[in-house]
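With mmCIF, C-alpha atoms inside, this is entry-v5.cif:
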```cif
data_query
loop_
_atom_site.label_atom_id
_atom_site.label_comp_id
_atom_site.auth_asym_id
_atom_site.auth_seq_id
_atom_site.Cartn_x
_atom_site.Cartn_y
_atom_site.Cartn_z
CA MET A 1114 119.05 113.68 146.48
CA ALA A 1115 118.67 117.35 147.43
CA ASN A 1116 121.84 118.29 145.54
CA ILE A 1117 120.45 117.14 142.16
CA LYS A 1118 119.68 120.06 139.89
CA THR A 1119 116.63 119.89 137.68
CA LYS A 1120 116.98 121.11 134.14
CA PRO A 1121 115.16 124.48 134.22
CA ALA A 1122 113.40 123.89 130.93
CA GLY A 1123 112.91 121.22 128.32
CA VAL A 1124 114.95 121.57 125.16
CA LEU A 1125 111.86 121.76 122.91
CA PRO A 1126 109.03 124.28 123.37
CA ALA A 1127 105.35 123.34 123.02
CA SER A 1128 105.19 124.95 119.57
CA TRP A 1129 107.34 122.10 118.25
CA TYR A 1130 104.52 119.73 119.22
CA SER A 1131 101.68 121.44 117.37
CA THR A 1132 103.02 123.44 114.43
CA ARG A 1133 102.47 122.21 110.88
CA ALA A 1134 105.70 123.77 109.62
CA ILE A 1135 107.73 121.84 112.21
CA TYR A 1136 105.96 118.61 111.26
CA GLU A 1137 106.72 119.15 107.56
CA LEU A 1138 110.35 119.86 108.44
CA GLU A 1139 110.45 116.61 110.46
CA ARG A 1140 109.17 114.72 107.41
CA ARG A 1141 112.09 116.04 105.35
CA ALA A 1142 114.82 116.14 107.99
CA ILE A 1143 114.11 112.87 109.81
CA PHE A 1144 111.59 110.51 108.21
CA ALA A 1145 112.88 111.03 104.66
CA LYS A 1146 116.52 110.47 105.59
CA TYR A 1147 117.00 108.27 108.66
CA TRP A 1148 116.58 104.52 109.08
CA LEU A 1149 113.14 103.49 110.36
CA LEU A 1150 112.37 100.24 112.18
CA ILE A 1151 109.28 98.80 110.50
CA THR A 1152 108.68 95.10 111.17
CA HIS A 1153 110.29 91.67 111.60
CA GLU A 1154 111.17 89.12 108.94
CA LEU A 1155 108.93 86.55 110.67
CA ARG A 1156 105.98 88.43 109.21
CA PHE A 1157 107.02 87.24 105.72
CA PRO A 1158 107.24 83.43 105.93
CA ALA A 1159 107.15 82.64 102.20
CA ALA A 1160 107.67 84.10 98.72
CA GLY A 1161 104.97 86.62 97.88
CA ALA A 1162 104.17 87.51 101.50
CA TYR A 1163 103.80 91.27 101.79
CA ALA A 1164 102.66 94.08 104.10
CA LYS A 1165 102.05 97.74 103.31
CA PHE A 1166 102.92 100.73 105.46
CA THR A 1167 102.73 104.50 105.50
CA VAL A 1168 105.04 106.62 107.66
CA ALA A 1169 104.65 110.39 107.83
CA GLY A 1170 102.75 110.31 104.54
CA TYR A 1171 105.29 108.16 102.68
CA PRO A 1172 103.62 104.94 101.33
CA PHE A 1173 105.63 101.75 100.77
CA PHE A 1174 105.39 97.99 101.09
CA ILE A 1175 107.70 95.11 101.92
CA ILE A 1176 107.55 91.77 100.09
CA ARG A 1177 109.56 88.54 99.97
CA ASP A 1178 110.67 87.55 96.47
CA GLN A 1179 111.13 84.11 94.89
CA GLN A 1180 114.78 84.00 95.98
CA GLY A 1181 113.78 84.53 99.62
CA ASN A 1182 114.98 88.13 99.80
CA LEU A 1183 112.96 90.94 101.36
CA ASN A 1184 112.45 94.02 99.18
CA ALA A 1185 110.79 97.35 99.88
CA PHE A 1186 109.17 99.55 97.23
CA LEU A 1187 107.23 102.77 97.14
CA ASN A 1188 103.55 101.84 96.87
CA VAL A 1189 103.21 103.83 93.67
CA CYS A 1190 102.59 102.52 90.15
CA ARG A 1191 105.13 104.05 87.75
CA HIS A 1192 102.39 104.66 85.18
CA ARG A 1193 99.86 106.96 86.88
CA ALA A 1194 100.66 106.84 90.62
CA PHE A 1195 97.89 104.50 91.79
CA PRO A 1196 98.86 102.27 94.77
CA VAL A 1197 100.12 98.87 93.65
CA VAL A 1198 99.21 97.19 96.95
CA LEU A 1199 95.76 97.86 98.43
CA ASN A 1200 95.40 95.23 101.17
CA ASP A 1201 97.24 95.69 104.47
CA GLU A 1202 98.93 92.30 104.11
CA GLY A 1203 98.67 89.09 102.15
CA THR A 1204 100.41 86.80 99.68
CA THR A 1205 100.63 87.24 95.92
CA ASN A 1206 102.49 85.95 92.86
CA ILE A 1207 102.22 89.21 90.93
CA LEU A 1208 101.80 92.88 91.86
CA ALA A 1209 98.93 94.15 89.74
CA CYS A 1210 97.83 97.79 89.59
CA LYS A 1211 94.02 98.10 89.60
CA TYR A 1212 94.02 101.33 87.56
CA HIS A 1213 95.33 100.48 84.07
CA GLY A 1214 96.46 96.90 84.61
CA TRP A 1215 100.21 97.38 84.82
CA SER A 1216 101.82 94.52 86.71
CA TYR A 1217 105.15 93.90 88.38
CA GLY A 1218 107.10 90.86 89.52
CA LEU A 1219 108.06 90.33 93.15
CA SER A 1220 111.43 91.96 92.40
CA GLY A 1221 109.69 95.15 91.25
CA LYS A 1222 110.33 94.81 87.51
CA VAL A 1223 107.51 95.55 85.07
CA ALA A 1224 105.87 92.30 83.96
CA LYS A 1225 103.17 93.83 81.78
CA ALA A 1226 102.27 97.31 80.53
CA PRO A 1227 99.07 96.77 78.50
CA ARG A 1228 99.12 98.16 74.92
CA PHE A 1229 102.57 99.72 75.35
CA ASP A 1230 104.31 97.05 73.24
CA GLY A 1231 104.01 99.10 70.08
CA VAL A 1232 104.74 102.50 71.61
CA ASP A 1233 107.88 103.97 70.07
CA GLY A 1234 110.66 104.55 72.60
CA PHE A 1235 108.96 102.79 75.50
CA ASP A 1236 111.39 100.65 77.52
CA LYS A 1237 109.63 98.82 80.34
CA SER A 1238 112.94 98.11 82.06
CA GLN A 1239 113.07 101.82 82.93
CA TYR A 1240 109.76 101.75 84.81
CA GLY A 1241 110.24 99.25 87.61
CA LEU A 1242 108.89 100.14 91.02
CA PHE A 1243 110.94 102.64 93.00
CA LYS A 1244 113.06 100.62 95.39
CA VAL A 1245 113.37 101.60 99.05
CA HIS A 1246 116.58 100.85 100.96
CA LEU A 1247 116.07 97.88 103.30
CA LYS A 1248 118.17 96.24 106.00
CA VAL A 1249 117.57 93.14 108.13
CA ASP A 1250 119.55 93.31 111.37
CA GLU A 1251 121.09 90.47 113.42
CA ARG A 1252 117.81 89.87 115.27
CA GLY A 1253 115.72 89.73 112.09
CA PHE A 1254 114.16 93.17 112.49
CA VAL A 1255 113.49 94.98 109.23
CA TRP A 1256 114.50 98.60 108.68
CA ILE A 1257 113.93 100.89 105.71
CA ASN A 1258 115.39 104.20 104.57
CA LEU A 1259 113.33 106.41 102.24
CA ASP A 1260 116.31 108.40 100.95
CA ALA A 1261 115.93 108.39 97.15
CA SER A 1262 119.70 108.49 96.60
CA GLU A 1263 121.42 105.35 95.37
CA ASN A 1264 123.58 105.50 98.50
CA VAL A 1265 121.85 106.74 101.65
CA GLN A 1266 123.16 109.89 103.31
CA VAL A 1267 122.92 108.36 106.80
CA LYS A 1268 124.32 104.89 107.35
CA TRP A 1269 122.43 102.58 109.73
CA GLU A 1270 125.57 102.18 111.85
CA GLU A 1271 125.70 105.90 112.65
CA LEU A 1272 122.83 105.58 115.12
CA PHE A 1273 122.30 101.87 115.68
CA THR A 1274 125.62 100.04 115.95
CA SER A 1275 125.24 97.35 118.66
CA VAL A 1276 121.46 97.80 119.06
CA ASP A 1277 120.93 94.26 117.75
CA THR A 1278 123.80 92.76 119.74
CA GLN A 1279 122.81 93.91 123.23
CA SER A 1280 123.95 91.21 125.66
CA ARG A 1281 120.53 91.07 127.32
CA LEU A 1282 118.93 90.03 124.02
CA GLY A 1283 120.80 86.74 124.19
CA ALA A 1284 118.05 85.51 126.53
CA PHE A 1285 115.60 85.48 123.63
CA ASN A 1286 115.89 82.98 120.77
CA MET A 1287 114.12 84.62 117.83
CA LYS A 1288 113.55 81.21 116.22
CA ASN A 1289 111.06 80.46 119.00
CA TYR A 1290 108.67 83.27 118.03
CA ARG A 1291 105.99 83.55 115.36
CA TYR A 1292 103.99 86.52 114.08
CA ASP A 1293 100.57 86.45 115.76
CA HIS A 1294 98.62 89.63 114.96
CA SER A 1295 98.70 93.38 114.44
CA TRP A 1296 96.48 96.02 115.97
CA ASP A 1297 96.31 99.80 115.91
CA MET A 1298 94.60 102.84 117.37
CA ASP A 1299 94.48 106.52 116.44
CA GLY A 1300 95.88 109.18 118.75
CA GLU A 1301 95.08 112.88 118.89
CA TYR A 1302 98.58 113.98 119.80
CA ASN A 1303 101.98 114.76 118.30
CA TRP A 1304 104.23 111.75 117.71
CA LYS A 1305 106.89 113.24 120.02
CA THR A 1306 104.38 113.47 122.88
CA LEU A 1307 104.18 109.67 122.91
CA ILE A 1308 107.93 109.16 122.45
CA ASP A 1309 108.60 111.46 125.42
CA ASN A 1310 106.13 109.38 127.41
CA TYR A 1311 107.73 106.09 126.39
CA ASN A 1312 111.24 107.10 127.37
CA GLU A 1313 110.64 107.59 131.08
CA CYS A 1314 108.94 105.62 133.84
CA TYR A 1315 108.72 108.62 136.15
CA HIS A 1316 104.96 108.49 135.52
CA CYS A 1317 104.59 104.74 136.07
CA SER A 1318 103.83 104.82 139.80
CA VAL A 1319 100.95 107.21 139.16
CA ALA A 1320 99.58 106.19 135.77
CA HIS A 1321 100.44 102.48 135.34
CA PRO A 1322 99.24 100.46 138.35
CA GLY A 1323 99.97 97.22 136.50
CA ILE A 1324 103.62 98.13 135.95
CA ALA A 1325 103.98 99.47 139.50
CA LYS A 1326 102.67 96.17 140.87
CA VAL A 1327 105.33 94.00 139.23
CA THR A 1328 108.28 96.38 138.67
CA ASN A 1329 110.79 97.92 141.09
CA LEU A 1330 110.44 101.53 139.95
CA GLU A 1331 113.23 102.76 142.24
CA THR A 1332 115.81 100.86 140.20
CA TYR A 1333 114.21 101.53 136.79
CA GLU A 1334 116.96 102.86 134.52
CA VAL A 1335 117.48 103.91 130.91
CA LYS A 1336 120.72 103.82 128.95
CA THR A 1337 121.04 106.23 126.02
CA THR A 1338 123.22 105.35 123.02
CA ASN A 1339 123.04 107.47 119.86
CA GLY A 1340 119.73 106.46 118.21
CA PHE A 1341 118.45 103.98 120.76
CA ILE A 1342 117.51 103.88 124.43
CA GLU A 1343 117.62 100.68 126.48
CA HIS A 1344 115.12 100.38 129.33
CA TYR A 1345 116.03 98.24 132.36
CA ALA A 1346 113.27 97.14 134.74
CA GLU A 1347 113.74 94.79 137.69
CA SER A 1348 110.85 92.52 138.63
CA LYS A 1349 109.51 92.59 142.19
CA GLY A 1350 109.24 88.81 142.01
CA ASN A 1351 105.46 88.92 142.24
CA PRO A 1352 104.09 85.35 141.74
CA ALA A 1353 101.36 86.80 139.51
CA ASP A 1354 103.99 88.22 137.13
CA VAL A 1355 104.40 85.81 134.19
CA SER A 1356 106.54 88.12 132.03
CA GLY A 1357 109.93 86.72 133.07
CA ASN A 1358 112.73 88.57 131.26
CA VAL A 1359 111.66 91.95 129.87
CA ALA A 1360 113.86 94.06 127.57
CA PRO A 1361 112.31 97.21 126.06
CA THR A 1362 114.31 99.29 123.57
CA TYR A 1363 113.36 102.57 121.89
CA LEU A 1364 114.62 103.05 118.31
CA PHE A 1365 114.81 106.58 116.89
CA PRO A 1366 112.71 108.15 115.64
CA ASN A 1367 109.37 106.46 116.23
CA SER A 1368 109.60 102.77 117.12
CA SER A 1369 110.20 100.43 120.03
CA ILE A 1370 110.61 96.72 120.69
CA THR A 1371 109.62 95.03 123.95
CA MET A 1372 111.04 91.53 124.29
CA THR A 1373 109.66 89.06 126.87
CA ASP A 1374 109.92 85.30 127.29
CA HIS A 1375 106.36 84.64 126.11
CA TYR A 1376 105.84 87.48 123.72
CA PHE A 1377 107.40 90.42 121.98
CA TYR A 1378 105.80 93.39 120.36
CA LEU A 1379 106.92 96.13 118.06
CA MET A 1380 105.40 99.62 118.30
CA ARG A 1381 105.39 102.25 115.56
CA VAL A 1382 104.28 105.78 116.46
CA VAL A 1383 103.34 106.93 112.97
CA PRO A 1384 102.81 110.68 112.53
CA VAL A 1385 99.79 111.63 110.44
CA SER A 1386 99.88 115.38 111.07
CA ALA A 1387 101.32 117.78 113.63
CA THR A 1388 98.73 116.67 116.19
CA ARG A 1389 97.65 113.19 115.07
CA VAL A 1390 99.29 109.76 115.04
CA SER A 1391 98.50 106.19 114.14
CA MET A 1392 99.67 103.84 116.90
CA GLN A 1393 100.60 100.56 115.21
CA TYR A 1394 101.58 97.34 116.95
CA GLU A 1395 102.85 93.95 115.79
CA VAL A 1396 102.61 91.06 118.25
CA TYR A 1397 104.80 87.94 118.10
CA ARG A 1398 104.24 84.84 120.22
CA ASN A 1399 106.69 82.33 121.67
CA VAL A 1400 105.49 79.03 120.23
CA SER A 1401 106.14 77.20 123.52
CA SER A 1402 104.07 79.60 125.65
CA THR A 1403 100.65 78.56 126.88
CA ASP A 1404 97.53 80.36 125.71
CA LYS A 1405 97.04 81.63 129.26
CA ASP A 1406 100.52 83.17 129.53
CA PHE A 1407 100.36 84.70 126.06
CA GLU A 1408 96.90 86.17 126.59
CA GLU A 1409 97.86 87.61 129.98
CA MET A 1410 100.89 89.35 128.47
CA ASP A 1411 98.86 90.62 125.52
CA LYS A 1412 96.17 92.02 127.82
CA PHE A 1413 98.78 93.59 130.12
CA PHE A 1414 100.63 95.49 127.40
CA LYS A 1415 97.46 96.62 125.63
CA GLN A 1416 96.26 98.06 128.93
CA VAL A 1417 99.54 99.97 129.31
CA GLU A 1418 99.33 101.33 125.76
CA ASN A 1419 95.78 102.57 126.33
CA GLU A 1420 96.83 104.23 129.59
CA ASP A 1421 99.60 106.05 127.70
CA LYS A 1422 97.12 107.13 125.03
CA TYR A 1423 94.96 108.70 127.75
CA LEU A 1424 97.95 110.61 129.16
CA CYS A 1425 99.17 111.87 125.79
CA THR A 1426 95.70 112.86 124.57
CA HIS A 1427 95.06 115.12 127.55
CA ALA A 1428 98.58 116.58 127.59
CA GLN A 1429 98.27 117.43 123.88
CA LYS A 1430 94.96 119.24 124.44
CA ASN A 1431 96.72 121.72 126.72
CA ILE A 1432 99.65 122.04 124.32
CA ASN A 1433 97.24 122.86 121.47
CA ALA A 1434 95.35 125.36 123.62
CA GLY A 1435 98.50 127.39 124.26
CA GLY A 1436 98.36 126.87 128.01
CA TYR A 1437 101.81 125.30 128.20
CA VAL A 1438 105.25 126.36 126.96
CA THR A 1439 107.77 123.97 128.51
CA GLY A 1440 108.68 122.57 131.91
CA PRO A 1441 111.57 121.22 134.01
CA LEU A 1442 112.92 117.76 133.23
CA HIS A 1443 114.54 115.55 135.86
CA PRO A 1444 118.16 114.81 134.84
CA HIS A 1445 117.89 111.13 135.87
CA ARG A 1446 114.22 110.18 135.84
CA GLU A 1447 113.74 111.83 132.44
CA LYS A 1448 117.20 111.23 130.97
CA GLY A 1449 115.72 109.38 127.99
CA VAL A 1450 113.36 112.27 127.23
CA LEU A 1451 116.25 114.74 127.26
CA HIS A 1452 118.27 112.53 124.92
CA PHE A 1453 115.39 112.21 122.45
CA LYS A 1454 114.52 115.92 122.47
CA SER A 1455 118.16 116.89 121.97
CA LEU A 1456 118.51 114.58 118.97
CA VAL A 1457 115.34 115.91 117.33
CA LYS A 1458 116.44 119.50 117.89
CA ARG A 1459 119.89 118.91 116.42
CA LEU A 1460 118.61 117.19 113.30
CA LEU A 1461 115.91 119.78 112.59
CA VAL A 1462 118.27 122.72 113.09
CA GLU A 1463 120.94 121.13 110.86
CA HIS A 1464 118.47 120.41 108.06
CA GLY A 1465 116.84 123.81 108.42
CA GLU A 1466 120.21 125.51 107.98
CA LYS A 1467 120.84 123.50 104.81
CA GLU A 1468 117.46 124.56 103.43
CA LYS A 1469 118.17 128.21 104.24
CA ALA A 1470 121.49 128.00 102.43
CA SER A 1471 119.90 126.35 99.38
CA GLY A 1472 116.96 128.74 99.27
CA GLY A 1473 114.31 126.00 99.31
CA GLU A 1474 113.06 122.76 100.77
CA ILE A 1475 115.29 119.68 100.64
CA ASN A 1476 113.37 116.40 100.68
CA PRO A 1477 115.74 113.41 100.43
CA ALA A 1478 112.80 111.07 99.72
CA LYS A 1479 111.65 112.96 96.64
CA ARG A 1480 112.40 111.22 93.35
CA SER A 1481 114.11 113.29 90.67
CA PRO A 1482 112.76 113.20 87.10
CA ASP A 1483 114.95 111.41 84.57
CA ASP A 1484 113.29 112.97 81.54
CA ALA A 1485 114.88 116.31 80.56
CA ASP A 1486 111.57 117.84 79.49
CA ILE A 1487 109.96 116.98 82.81
CA ALA A 1488 113.02 118.33 84.63
CA GLU A 1489 112.43 121.69 82.94
CA GLU A 1490 108.81 121.65 84.06
CA GLU A 1491 109.92 120.84 87.61
CA LEU A 1492 112.13 123.92 87.56
CA PHE A 1493 109.19 125.98 86.29
CA CYS A 1494 107.09 124.71 89.22
CA LYS A 1495 109.84 125.64 91.69
CA ASP A 1496 109.98 129.12 90.21
CA VAL A 1497 106.22 129.56 90.57
CA CYS A 1498 106.34 128.32 94.18
CA SER A 1499 109.20 130.63 95.05
CA ARG A 1500 107.33 133.66 93.67
CA ALA A 1501 104.25 132.55 95.65
CA GLY A 1502 106.17 132.46 98.92
CA GLY A 1503 107.65 128.96 99.06
CA GLY A 1504 106.29 125.69 100.37
CA VAL A 1505 104.08 125.04 103.39
CA GLY A 1506 105.51 127.02 106.27
CA CYS A 1507 108.81 127.41 104.46
CA THR A 1508 109.97 131.00 104.07
CA TRP A 1509 113.69 130.54 103.63
#
```
So that I can check it, write out the structure of this file as structure tokens.
Amino acid sequence: MANIKTKPAGVLPASWYSTRAIYELERRAIFAKYWLLITHELRFPAAGAYAKFTVAGYPFFIIRDQQGNLNAFLNVCRHRAFPVVLNDEGTTNILACKYHGWSYGLSGKVAKAPRFDGVDGFDKSQYGLFKVHLKVDERGFVWINLDASENVQVKWEELFTSVDTQSRLGAFNMKNYRYDHSWDMDGEYNWKTLIDNYNECYHCSVAHPGIAKVTNLETYEVKTTNGFIEHYAESKGNPADVSGNVAPTYLFPNSSITMTDHYFYLMRVVPVSATRVSMQYEVYRNVSSTDKDFEEMDKFFKQVENEDKYLCTHAQKNINAGGYVTGPLHPHREKGVLHFKSLVKRLLVEHGEKEKASGGEINPAKRSPDDADIAEEELFCKDVCSRAGGGVGCTW
């Protein structure tokens, strides 16, 4: 292996992992425009079942309507912006705002706007909840796109064609699984710090004794394809290993799915700021697995996630302190990291160039005012901001 050349430096400097301006650009260039893996349809077993989410500051919820369809909406009342859904998850027949009593049906249409019946010119059909683009893939996983356009700028197929038809996924019958529970933990690190960590097992022999015990790390491999990275891990055949088939996949930008015979879990690395994340996990159980097997798998993966949190927390401290710029990346052992960093860099540079050309920030998730008078006031606000030096960290 002596002839293998290491990449002399990573493609992203440390400043991209701690700077507020970069984080705000990521919100506009990536999270507001690209498809995000959020959950699985098994979490919504009946009409009225819902769950709320926030990704990079964008609040929304997903709910199953009376016709059995899944819908996603911004979690914002059209009257005065109060959240429509307050609980993390539940079941409801009506979506009622707790501010002024506006209510909406499961399809997002206004059901009641108290005391507006006699208001001249008010048309409640114009004030339904803002819909969020939603897709359910072949495996039942639920994706959303926050692009406010009627037709999204980036089609799901551009990054994820074949992600849900991987041949190895045929070993797992999704009808055999049920949603079991969710759990989360806060992390004091940049979201990309954890994604870098996830997309290599170069650190596993040192930092994950549990993985090293049951996995042949010499044959561990990743396969990069546009917006997803398949991880391939061979078992050592340890009798204590109850996992059976294991198929982890990373989904750009901030999610992963780990399929096993007894259990699968979905991870969302949700950015909160440039140096903080919310680590969110959904756990699904194979209904034929024993309590012992399920609990062993659950304990195993939670241990791994906490070990990764420890690594990322301490790496981020040195990044924040300015004691690190960038380092060499192994072309094979860290191939997934290189792929991820390159994709982030390309998308941020492309969006940044568009903003420079336009003379201001471009946020695809931002809703445009329909009312002409409000549109004029929006232009006034933009003029004030431009004379004050632009938006946060934006000096185009």
Point to revise | For segment 1325-1342 of chain A: contacts at 8 Å, all atoms listed in the file, fewer than 3 positions along chain excluded, given as a ChimeraX atom specification | key: /A:1271-1273,1276,1312-1314,1317-1318,1321-1322,1345-1351,1354,1362-1366,1446,1448-1449,1452
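The coordinates place atom CA of Glu1463 of chain A at 11.6 Å from atom CA of Arg1141 of chain A.
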Check your understanding: Between A:Tyr1423, A:Phe1493, A:Phe1377, A:Tyr1315, which has the minimum distance to Leu1442 of chain A (counting all atoms listed in the file)?
Key -> A:Tyr1315
Check your understanding: Where does the PyMOL selection byres ((chain A and resi 1140) around 12) land in this file, that is, which residues does it pick, as a ChimeraX atom specification?
Key -> /A:1133-1139,1141-1147,1168-1171,1259-1260,1304,1366,1383-1387,1457,1460-1461,1464-1465,1474-1479
Exercise for review: Name the residues captured by the PyMOL selection byres ((chain A and resi 1393-1404) around 6) when it is applied to the shown file; answer as number ranges by chain.
Suggested key: A: 1289-1297, 1375-1381, 1392, 1405-1408
Review point. Between atom CA of Glu1301 of chain A and atom CA of Asp1421 of chain A, what is the distance, to one decimal in Å?
Key: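 So the two atoms, atom CA of Glu1301 of chain A and atom CA of Asp1421 of chain A, lie 12.0 Å apart.
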Check your understanding: Gly1435 of chain A: which residues within 12 Å, counting only C-alpha atoms, same-chain residues fewer than 4 positions away excluded, as a ChimeraX atom specification?
Key -> /A:1126-1132,1428-1431,1439
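The coordinates place atom CA of Ser1455 of chain A at 21.8 Å from atom CA of Asn1433 of chain A.
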Practice item. With the file shown as input, list the residues that the PyMOL selection byres ((chain A and resi 1186) around 9) selects, as number ranges by chain. Key: A: 1172-1176, 1184-1185, 1187-1189, 1221, 1242-1246
Exercise for review: Place a sphere of radius 12 Å on (106.6, 93.0, 88.1) in the file coordinates and name every protein, DNA or RNA residue with an atom inside or on its surface, counting only C-alpha atoms; give the answer as a ChimeraX atom specification.
Suggested key: /A:1161,1178,1186,1190-1191,1197,1205-1210,1214-1226,1237-1238,1240-1243
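Distances from A:Met1287, A:His1344, A:Phe1413, A:Pro1196 to Leu1155 of chain A were compared using all atoms listed in the file, and the smallest one belongs to A:Met1287.
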Check your understanding: Which one is closest to Phe1453 of chain A: A:Arg1193, A:Lys1305, A:His1427, A:His1213? Count only C-alpha atoms.
Key -> A:Lys1305
Check your understanding: Pick from A:Ser1262, A:Lys1211, A:Leu1125, A:Thr1152: nearest to Ala1194 of chain A, with only C-alpha atoms counted?
Key ->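 Selected residue with least distance to Ala1194 of chain A: A:Lys1211.
Nearest to Val1382 of chain A of all the residues A:Asp1230, A:Asp1299, A:Asp1496, A:Asp1277 is A:Asp1299, counting all atoms listed in the file.
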Practice item. Kindly indicate which residue among A:Tyr1437, A:Tyr1311, A:Tyr1212, A:Trp1148 lies nearest to Val1417 of chain A, using all atoms listed in the file for the distances. Key: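 Ranked by minimum distance to Val1417 of chain A, first place goes to A:Tyr1311.
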